[in-house]
$ cat run_14.cif   # mmCIF, C-alpha atoms
data_entry
loop_
_atom_site.label_atom_id
_atom_site.label_comp_id
_atom_site.auth_asym_id
_atom_site.auth_seq_id
_atom_site.Cartn_x
_atom_site.Cartn_y
_atom_site.Cartn_z
CA MET X 10 -2.61 -0.21 123.16
CA THR X 11 -3.42 -1.23 126.72
CA TYR X 12 -0.66 0.92 128.25
CA ASP X 13 1.54 3.83 127.31
CA VAL X 14 4.27 2.88 129.80
CA VAL X 15 5.32 -0.16 131.80
CA THR X 16 7.58 0.34 134.82
CA MET X 17 9.39 -2.21 136.99
CA GLY X 18 10.74 -1.70 140.49
CA GLU X 19 10.48 -2.09 144.24
CA THR X 20 8.20 -0.07 146.50
CA MET X 21 8.63 -0.01 150.27
CA ILE X 22 6.82 1.24 153.33
CA ARG X 23 8.26 4.60 154.43
CA LEU X 24 8.09 5.55 158.11
CA THR X 25 8.69 9.19 159.06
CA PRO X 26 8.62 10.81 162.54
CA PRO X 27 6.06 13.63 162.77
CA ASP X 28 6.87 17.26 163.48
CA HIS X 29 10.55 17.02 162.49
CA GLN X 30 11.38 14.71 165.36
CA ARG X 31 14.56 12.63 165.28
CA LEU X 32 14.26 8.91 164.61
CA GLU X 33 15.76 8.21 168.03
CA GLN X 34 13.19 10.28 169.90
CA THR X 35 9.90 9.59 168.17
CA THR X 36 7.17 7.36 169.57
CA SER X 37 5.10 7.29 166.38
CA PHE X 38 5.56 7.33 162.62
CA GLU X 39 3.66 8.60 159.61
CA ALA X 40 3.42 5.81 157.03
CA HIS X 41 3.78 6.40 153.29
CA ILE X 42 4.82 4.19 150.39
CA GLY X 43 7.84 4.97 148.27
CA GLY X 44 9.51 3.49 145.22
CA SER X 45 11.08 5.26 142.25
CA GLU X 46 9.23 3.47 139.46
CA SER X 47 5.86 3.48 141.22
CA ASN X 48 6.31 7.19 141.98
CA THR X 49 6.92 7.84 138.29
CA SER X 50 3.96 5.61 137.41
CA VAL X 51 1.59 7.63 139.58
CA GLY X 52 2.93 10.87 138.09
CA LEU X 53 2.33 9.64 134.54
CA VAL X 54 -1.21 8.53 135.38
CA ARG X 55 -1.95 11.91 136.96
CA LEU X 56 -0.99 13.42 133.60
CA GLY X 57 -3.44 11.18 131.77
CA MET X 58 -1.25 8.27 130.66
CA ARG X 59 -1.96 4.55 131.00
CA VAL X 60 0.66 2.78 133.11
CA ALA X 61 1.31 -0.74 134.43
CA TRP X 62 3.69 -1.32 137.33
CA LEU X 63 5.53 -4.65 137.52
CA SER X 64 6.92 -5.76 140.87
CA ARG X 65 7.06 -8.65 143.35
CA LEU X 66 5.35 -8.32 146.73
CA THR X 67 4.67 -10.47 149.77
CA ASP X 68 0.99 -11.31 150.11
CA ASN X 69 0.44 -9.81 153.55
CA PRO X 70 -1.16 -6.58 154.83
CA LEU X 71 1.94 -4.51 154.02
CA GLY X 72 2.18 -5.82 150.47
CA ARG X 73 -1.52 -5.22 149.96
CA LEU X 74 -1.14 -1.70 151.37
CA ILE X 75 1.48 -0.92 148.73
CA ALA X 76 -0.46 -2.43 145.84
CA GLY X 77 -3.72 -0.85 146.97
CA THR X 78 -2.19 2.60 147.26
CA VAL X 79 -0.58 2.44 143.82
CA ALA X 80 -3.83 1.12 142.30
CA ARG X 81 -5.87 3.83 144.05
CA TYR X 82 -4.14 6.44 141.91
CA GLY X 83 -4.94 4.62 138.67
CA VAL X 84 -1.83 2.52 138.02
CA ASP X 85 -2.52 -1.03 136.79
CA THR X 86 -1.14 -3.43 139.41
CA SER X 87 -2.41 -6.65 137.81
CA GLN X 88 1.14 -7.61 136.79
CA ILE X 89 2.47 -7.80 140.36
CA VAL X 90 4.02 -11.18 141.21
CA TRP X 91 2.65 -12.25 144.60
CA THR X 92 4.41 -14.56 147.02
CA ARG X 93 3.71 -15.78 150.55
CA ASN X 94 7.44 -15.86 151.20
CA ASP X 95 10.00 -13.15 151.91
CA ARG X 96 8.99 -9.73 153.26
CA VAL X 97 8.12 -6.15 152.34
CA GLY X 98 11.01 -3.70 152.54
CA THR X 99 10.78 -0.64 154.76
CA TYR X 100 12.78 2.51 155.26
CA PHE X 101 12.87 5.19 157.92
CA TYR X 102 13.19 8.78 156.79
CA GLU X 103 14.07 11.77 158.95
CA PRO X 104 13.51 14.90 156.79
CA GLU X 105 16.09 17.65 156.67
CA ILE X 106 15.47 20.94 158.40
CA ALA X 107 18.27 23.50 158.14
CA PRO X 108 20.93 23.10 159.28
CA ARG X 109 20.19 19.41 160.08
CA PRO X 110 20.54 17.06 157.09
CA ALA X 111 18.11 14.30 156.20
CA GLN X 112 18.71 10.76 157.39
CA VAL X 113 17.58 7.49 155.80
CA VAL X 114 17.76 4.04 157.41
CA TYR X 115 16.95 1.11 155.10
CA ASP X 116 15.46 -2.19 156.25
CA ARG X 117 14.99 -3.95 152.94
CA ALA X 118 17.31 -6.99 152.95
CA GLY X 119 15.54 -10.15 151.83
CA SER X 120 12.54 -8.34 150.37
CA ALA X 121 10.21 -10.08 147.95
CA PHE X 122 11.37 -7.85 145.11
CA ALA X 123 15.03 -8.69 145.74
CA HIS X 124 14.20 -12.31 144.87
CA MET X 125 12.50 -11.52 141.56
CA GLN X 126 13.75 -13.84 138.79
CA PRO X 127 13.70 -13.57 134.98
CA ASP X 128 10.92 -16.18 134.87
CA ASP X 129 8.77 -13.81 136.97
CA VAL X 130 8.69 -11.29 134.11
CA PRO X 131 5.38 -11.93 132.26
CA GLU X 132 6.08 -12.35 128.56
CA ALA X 133 2.46 -11.67 127.62
CA LEU X 134 2.74 -8.16 129.05
CA PHE X 135 5.43 -7.34 126.49
CA ALA X 136 3.37 -7.93 123.37
CA ALA X 137 4.18 -5.45 120.63
CA ASP X 138 0.73 -3.84 120.73
CA ASN X 139 0.36 -3.86 124.52
CA ALA X 140 2.51 -0.80 125.37
CA ARG X 141 5.12 1.46 123.85
CA HIS X 142 7.65 2.30 126.55
CA LEU X 143 9.54 0.63 129.43
CA HIS X 144 11.02 2.61 132.34
CA ILE X 145 13.52 1.23 134.90
CA THR X 146 15.91 2.89 137.36
CA GLY X 147 19.28 2.04 138.82
CA ILE X 148 17.62 1.29 142.15
CA THR X 149 16.06 -1.78 140.55
CA ILE X 150 19.47 -2.90 139.35
CA ALA X 151 21.06 -2.24 142.75
CA ALA X 152 18.32 -4.27 144.45
CA GLY X 153 19.90 -7.34 142.88
CA VAL X 154 17.33 -8.08 140.20
CA ASP X 155 19.41 -7.01 137.21
CA ALA X 156 18.79 -10.39 135.51
CA ALA X 157 15.02 -9.90 135.72
CA ALA X 158 15.37 -6.28 134.60
CA HIS X 159 17.49 -7.40 131.66
CA ARG X 160 14.80 -9.90 130.70
CA ALA X 161 12.21 -7.12 130.74
CA LEU X 162 14.47 -4.97 128.57
CA GLU X 163 15.00 -7.81 126.09
CA LEU X 164 11.26 -8.38 125.78
CA ALA X 165 10.55 -4.67 125.41
CA ARG X 166 13.14 -4.26 122.69
CA ALA X 167 11.86 -7.33 120.83
CA ALA X 168 8.38 -5.78 120.95
CA GLY X 169 9.66 -2.50 119.47
CA TRP X 170 9.10 -0.44 122.61
CA ARG X 171 11.24 2.52 123.59
CA PHE X 172 13.20 2.46 126.85
CA SER X 173 14.23 4.99 129.47
CA PHE X 174 16.76 4.43 132.25
CA ASP X 175 17.17 6.69 135.28
CA VAL X 176 20.56 6.08 136.93
CA ASN X 177 19.16 7.23 140.32
CA HIS X 178 22.12 5.74 142.17
CA ARG X 179 21.88 4.66 145.81
CA ALA X 180 25.34 4.44 147.37
CA ARG X 181 23.99 2.46 150.32
CA LEU X 182 22.96 -0.32 147.95
CA MET X 183 25.92 -0.54 145.57
CA ASP X 184 29.42 0.89 145.29
CA ALA X 185 30.22 3.15 142.35
CA VAL X 186 32.55 0.75 140.50
CA THR X 187 30.06 -2.13 140.58
CA ALA X 188 27.24 0.24 139.71
CA ARG X 189 28.91 1.57 136.58
CA ALA X 190 29.47 -1.93 135.24
CA LYS X 191 25.88 -2.99 135.94
CA TYR X 192 24.26 0.22 134.73
CA ASP X 193 26.17 0.22 131.46
CA LEU X 194 23.99 -2.36 129.73
CA PHE X 195 20.82 -0.43 130.54
CA ALA X 196 22.24 3.02 129.84
CA GLY X 197 23.57 1.78 126.51
CA ALA X 198 20.11 0.57 125.50
CA ALA X 199 18.26 3.71 126.59
CA ASP X 200 16.42 6.04 124.26
CA VAL X 201 16.20 8.47 127.20
CA LEU X 202 18.88 8.46 129.89
CA PHE X 203 18.28 10.42 133.12
CA ILE X 204 21.24 11.16 135.38
CA ALA X 205 21.77 13.56 138.26
CA GLN X 206 24.89 15.69 138.12
CA GLY X 207 26.06 14.17 141.41
CA ASP X 208 25.73 10.67 139.98
CA ALA X 209 27.72 11.65 136.89
CA LYS X 210 30.53 12.67 139.21
CA LEU X 211 30.30 9.62 141.47
CA ILE X 212 29.67 6.88 138.90
CA TYR X 213 31.40 8.22 135.79
CA GLU X 214 33.96 10.54 137.44
CA ILE X 215 32.77 13.45 135.30
CA ASP X 216 33.07 16.63 137.34
CA ASP X 217 32.96 19.35 134.72
CA ASP X 218 30.77 22.16 133.43
CA PRO X 219 27.26 20.74 132.86
CA GLU X 220 27.55 20.98 129.09
CA GLU X 221 30.80 19.03 129.29
CA VAL X 222 29.03 16.42 131.41
CA LEU X 223 26.39 16.05 128.71
CA ASP X 224 29.01 15.82 125.95
CA ARG X 225 31.03 13.20 127.80
CA MET X 226 27.96 11.14 128.63
CA ALA X 227 27.02 11.33 124.95
CA GLU X 228 30.40 9.86 124.05
CA LEU X 229 29.54 6.87 126.23
CA TYR X 230 25.90 6.58 125.14
CA PRO X 231 25.55 8.23 121.72
CA ARG X 232 22.07 6.90 120.92
CA ALA X 233 20.37 8.37 123.99
CA LEU X 234 18.63 11.65 124.65
CA ILE X 235 20.54 12.51 127.83
CA VAL X 236 18.79 14.43 130.61
CA LEU X 237 20.99 15.92 133.34
CA THR X 238 19.17 16.96 136.51
CA ARG X 239 20.84 19.59 138.68
CA GLY X 240 18.57 20.09 141.69
CA ALA X 241 17.87 23.75 142.40
CA SER X 242 19.86 24.66 139.27
CA GLY X 243 17.28 23.01 137.04
CA ALA X 244 17.94 20.51 134.26
CA MET X 245 19.57 20.22 130.86
CA ALA X 246 19.21 17.82 127.96
CA ARG X 247 21.33 16.83 124.97
CA THR X 248 19.80 15.18 121.93
CA PRO X 249 21.82 12.63 119.92
CA ASP X 250 22.53 15.32 117.30
CA GLY X 251 24.24 17.49 119.93
CA ALA X 252 21.58 20.13 120.59
CA ILE X 253 21.55 21.27 124.23
CA THR X 254 18.51 22.67 126.03
CA ILE X 255 18.48 24.35 129.45
CA GLN X 256 15.55 24.60 131.87
CA ASN X 257 15.63 26.47 135.18
CA ALA X 258 13.94 25.01 138.23
CA PHE X 259 10.62 26.50 139.28
CA PRO X 260 10.56 28.11 142.73
CA SER X 261 8.81 25.81 145.19
CA ALA X 262 7.93 25.95 148.89
CA GLY X 263 9.57 22.71 149.95
CA VAL X 264 7.57 20.24 152.02
CA ASP X 265 8.98 16.83 151.04
CA ARG X 266 11.84 16.39 148.60
CA LEU X 267 11.53 12.59 148.27
CA GLY X 268 10.07 11.60 144.91
CA ARG X 269 10.87 14.94 143.27
CA GLY X 270 13.23 13.36 140.73
CA ASP X 271 10.68 10.65 139.92
CA ALA X 272 8.05 13.33 139.34
CA PHE X 273 10.48 15.12 137.02
CA SER X 274 10.95 11.88 135.05
CA ALA X 275 7.17 11.49 134.77
CA GLY X 276 6.79 15.01 133.41
CA PHE X 277 9.62 14.62 130.94
CA LEU X 278 8.37 11.25 129.69
CA TYR X 279 4.87 12.67 129.32
CA GLY X 280 6.25 15.26 126.93
CA TYR X 281 8.54 12.79 125.17
CA LEU X 282 5.81 10.23 124.55
CA ASN X 283 3.49 12.96 123.27
CA GLY X 284 6.07 14.11 120.74
CA LEU X 285 6.89 17.46 122.36
CA GLU X 286 10.22 19.13 121.63
CA THR X 287 12.96 18.65 124.19
CA GLY X 288 12.63 22.05 125.82
CA MET X 289 8.95 21.47 126.50
CA CYS X 290 9.69 18.00 127.89
CA LEU X 291 12.13 19.61 130.33
CA ARG X 292 9.52 22.20 131.27
CA TRP X 293 6.92 19.55 132.06
CA GLY X 294 9.53 17.72 134.13
CA ALA X 295 10.51 20.85 136.04
CA ALA X 296 6.87 21.71 136.73
CA MET X 297 6.15 18.21 138.03
CA GLY X 298 9.22 18.30 140.27
CA ALA X 299 8.29 21.67 141.72
CA LEU X 300 4.72 20.64 142.49
CA LYS X 301 5.81 17.33 144.01
CA PHE X 302 8.04 19.28 146.43
CA THR X 303 4.85 20.74 147.94
CA ILE X 304 3.27 17.34 148.67
CA PRO X 305 4.03 15.16 151.73
CA GLY X 306 5.05 11.60 150.95
CA ASP X 307 6.80 10.16 147.91
CA LEU X 308 3.93 10.13 145.42
CA PRO X 309 3.37 13.07 143.01
CA ILE X 310 -0.37 13.48 143.63
CA VAL X 311 -0.56 16.51 141.37
CA ASP X 312 -3.42 18.00 139.39
CA VAL X 313 -2.67 18.17 135.69
CA ALA X 314 -4.30 21.63 135.51
CA HIS X 315 -1.74 22.92 138.04
CA VAL X 316 1.11 21.41 136.04
CA ARG X 317 -0.16 22.84 132.78
CA ALA X 318 -0.62 26.30 134.31
CA LEU X 319 2.97 26.25 135.55
CA VAL X 320 4.27 25.06 132.18
CA GLU X 321 2.32 27.61 130.17
CA GLY X 322 3.22 30.47 132.50
CA ALA X 323 6.93 29.71 132.46
CA ALA X 324 9.63 31.60 130.68
CA GLY X 325 11.21 29.57 127.92
CA GLY X 326 14.50 27.75 128.26
CA SER X 327 17.49 28.51 126.09
CA PHE X 328 18.45 26.45 123.05
CA ARG X 329 21.72 25.87 121.25
#
$ encode --input "run_14.cif" --output "structure tokens"
Amino acid sequence: MTYDVVTMGETMIRLTPPDHQRLEQTTSFEAHIGGSESNTSVGLVRLGMRVAWLSRLTDNPLGRLIAGTVARYGVDTSQIVWTRNDRVGTYFYEPEIAPRPAQVVYDRAGSAFAHMQPDDVPEALFAADNARHLHITGITIAAGVDAAAHRALELARAAGWRFSFDVNHRARLMDAVTARAKYDLFAGAADVLFIAQGDAKLIYEIDDDPEEVLDRMAELYPRALIVLTRGASGAMARTPDGAITIQNAFPSAGVDRLGRGDAFSAGFLYGYLNGLETGMCLRWGAAMGALKFTIPGDLPIVDVAHVRALVEGAAGGSFR
């Protein structure tokens, strides 16, 4: 196979004031790139997997900055759809510092990715022997390209690939009622379904004990291995046969929380695609998330030796 995983999503330019300045006071910005699927792609490559990232970018210096950065870390960017129209999305991020919360200001309307059409999805990429897994998040759906994402899912399923969907809801992009209706098709098709506990409450109105959240999500999506992320409380997973696994979060000296969930997904999928049992998949995810928290920017530029050392030195989760 050419790839282990294909991802599809938007990546933007992130602008952050230095030294914990407010957005309204800064005179300069640190530039990073950030996008859920490309973050996960970089994490998977850092763990030794082969990944292609599918997106649509404007052919200008900002678009080339994004593609060049993703490619620099080993992700195949040859499937990007280039256009001379539209624009590259940006967002401004003011990190939290206690007791001040984080602040995000999006400037992404009319981006090249938001105009991606089903015909832009390259059928040749989705040959049966070209890859084995497709990964998409709810951010891609909320960006307004659900028709193109559905086409990618159809092609992946026809090729016999597995599919993971990370709800990863963004309330600024889509209201909860609309989101649930749009996410349902993708969640229902998922072999692995990632959801944060806060999103389970907001989107599915499930505000219970975590095990109850997993059970109720399983009623909705019985075919999926459901992974519930809980921030500092760690993560849990429920297999289709009802077995629940718990993993605590690893302590981490926080530097930049953005991309931590995408790093977790990369770690979990690394274990899943290598046939590891669910508890070990959670452990790889937790280790990736903890290490990403120590790295400025959105990308999980981790060393696999550091991840493995954390995984192998960890206390085991509990199984039921």
$ closest_atom_pairs --input "run_14.cif" --of "region 95-191 of chain X" --to "region 199-207 of chain X" --cutoff "9 Å" --atoms "all atoms listed in the file" --output "tab-separated table"
residue	atom	partner	partner_atom	distance
X:Thr146	CA	X:Phe203	CA	9.0
X:Arg171	CA	X:Asp200	CA	6.3
X:Phe172	CA	X:Ala199	CA	5.2
X:Ser173	CA	X:Val201	CA	4.6
X:Phe174	CA	X:Leu202	CA	5.1
X:Asp175	CA	X:Phe203	CA	4.5
X:Val176	CA	X:Ile204	CA	5.4
X:Asn177	CA	X:Ile204	CA	6.6
X:His178	CA	X:Ile204	CA	8.7
$ residues_near_point --input "run_14.cif" --point "(25.4, -2.9, 131.9)" --cutoff "12 Å" --atoms "only C-alpha atoms" --output "VMD selection string"
chain X and resid 147 150 to 151 155 to 156 158 to 159 162 174 176 186 to 199 230
$ atom_distance --input "run_14.cif" --atom1 "CA of Ala241 (chain X)" --atom2 "CA of Ala299 (chain X)"
9.8 Å
$ atom_distance --input "run_14.cif" --atom1 "CA of Val130 (chain X)" --atom2 "CA of Asp116 (chain X)"
24.9 Å
$ closest_residue --input "run_14.cif" --among "X:Lys301, X:Gly294, X:Tyr279, X:Gln126" --to "Leu237 (chain X)" --atoms "only C-alpha atoms"
X:Gly294
$ closest_atom_pairs --input "run_14.cif" --of "region 90-122 of chain X" --to "region 19-31 of chain X" --cutoff "7 Å" --atoms "only C-alpha atoms" --output "CSV"
residue,atom,partner,partner_atom,distance
X:Val97,CA,X:Met21,CA,6.5
X:Gly98,CA,X:Met21,CA,4.9
X:Thr99,CA,X:Ile22,CA,4.6
X:Tyr100,CA,X:Arg23,CA,5.0
X:Phe101,CA,X:Leu24,CA,4.8
X:Tyr102,CA,X:Thr25,CA,5.1
X:Glu103,CA,X:Thr25,CA,6.0
X:Pro104,CA,X:His29,CA,6.8
X:Phe122,CA,X:Glu19,CA,5.9
$ write_last_selection --input "run_14.cif" --atoms "C-alpha atoms" --output "mmCIF file, in the frame of the given file"
data_model
loop_
_atom_site.group_PDB
_atom_site.id
_atom_site.type_symbol
_atom_site.label_atom_id
_atom_site.label_comp_id
_atom_site.auth_asym_id
_atom_site.auth_seq_id
_atom_site.Cartn_x
_atom_site.Cartn_y
_atom_site.Cartn_z
ATOM 1 C CA VAL X 97 8.120 -6.150 152.340
ATOM 2 C CA GLY X 98 11.010 -3.700 152.540
ATOM 3 C CA THR X 99 10.780 -0.640 154.760
ATOM 4 C CA TYR X 100 12.780 2.510 155.260
ATOM 5 C CA PHE X 101 12.870 5.190 157.920
ATOM 6 C CA TYR X 102 13.190 8.780 156.790
ATOM 7 C CA GLU X 103 14.070 11.770 158.950
ATOM 8 C CA PRO X 104 13.510 14.900 156.790
ATOM 9 C CA PHE X 122 11.370 -7.850 145.110
#
$ closest_residue --input "run_14.cif" --among "X:Pro131, X:Pro108, X:Gly43, X:Gly72" --to "Asp95 (chain X)" --atoms "all atoms listed in the file"
X:Gly72
$ resolve_selection --input "run_14.cif" --expression "the PyMOL selection byres ((chain X and resi 47) around 8)" --output "list in words"
Thr16, Met17, Gly18, Glu19, Thr20, Gly43, Gly44, Ser45, Glu46, Asn48, Thr49, Ser50, Val51, Trp62 and Val79 of chain X
$ closest_residue --input "run_14.cif" --among "X:Leu211, X:Asp216, X:Ile310, X:Arg247" --to "Arg81 (chain X)" --atoms "all atoms listed in the file"
X:Ile310
$ closest_residue --input "run_14.cif" --among "X:Gly288, X:Leu164, X:Thr303, X:Leu53" --to "Ala262 (chain X)" --atoms "only C-alpha atoms"
X:Thr303
$ atom_distance --input "run_14.cif" --atom1 "CA of Gly276 (chain X)" --atom2 "CA of Leu134 (chain X)"
23.9 Å
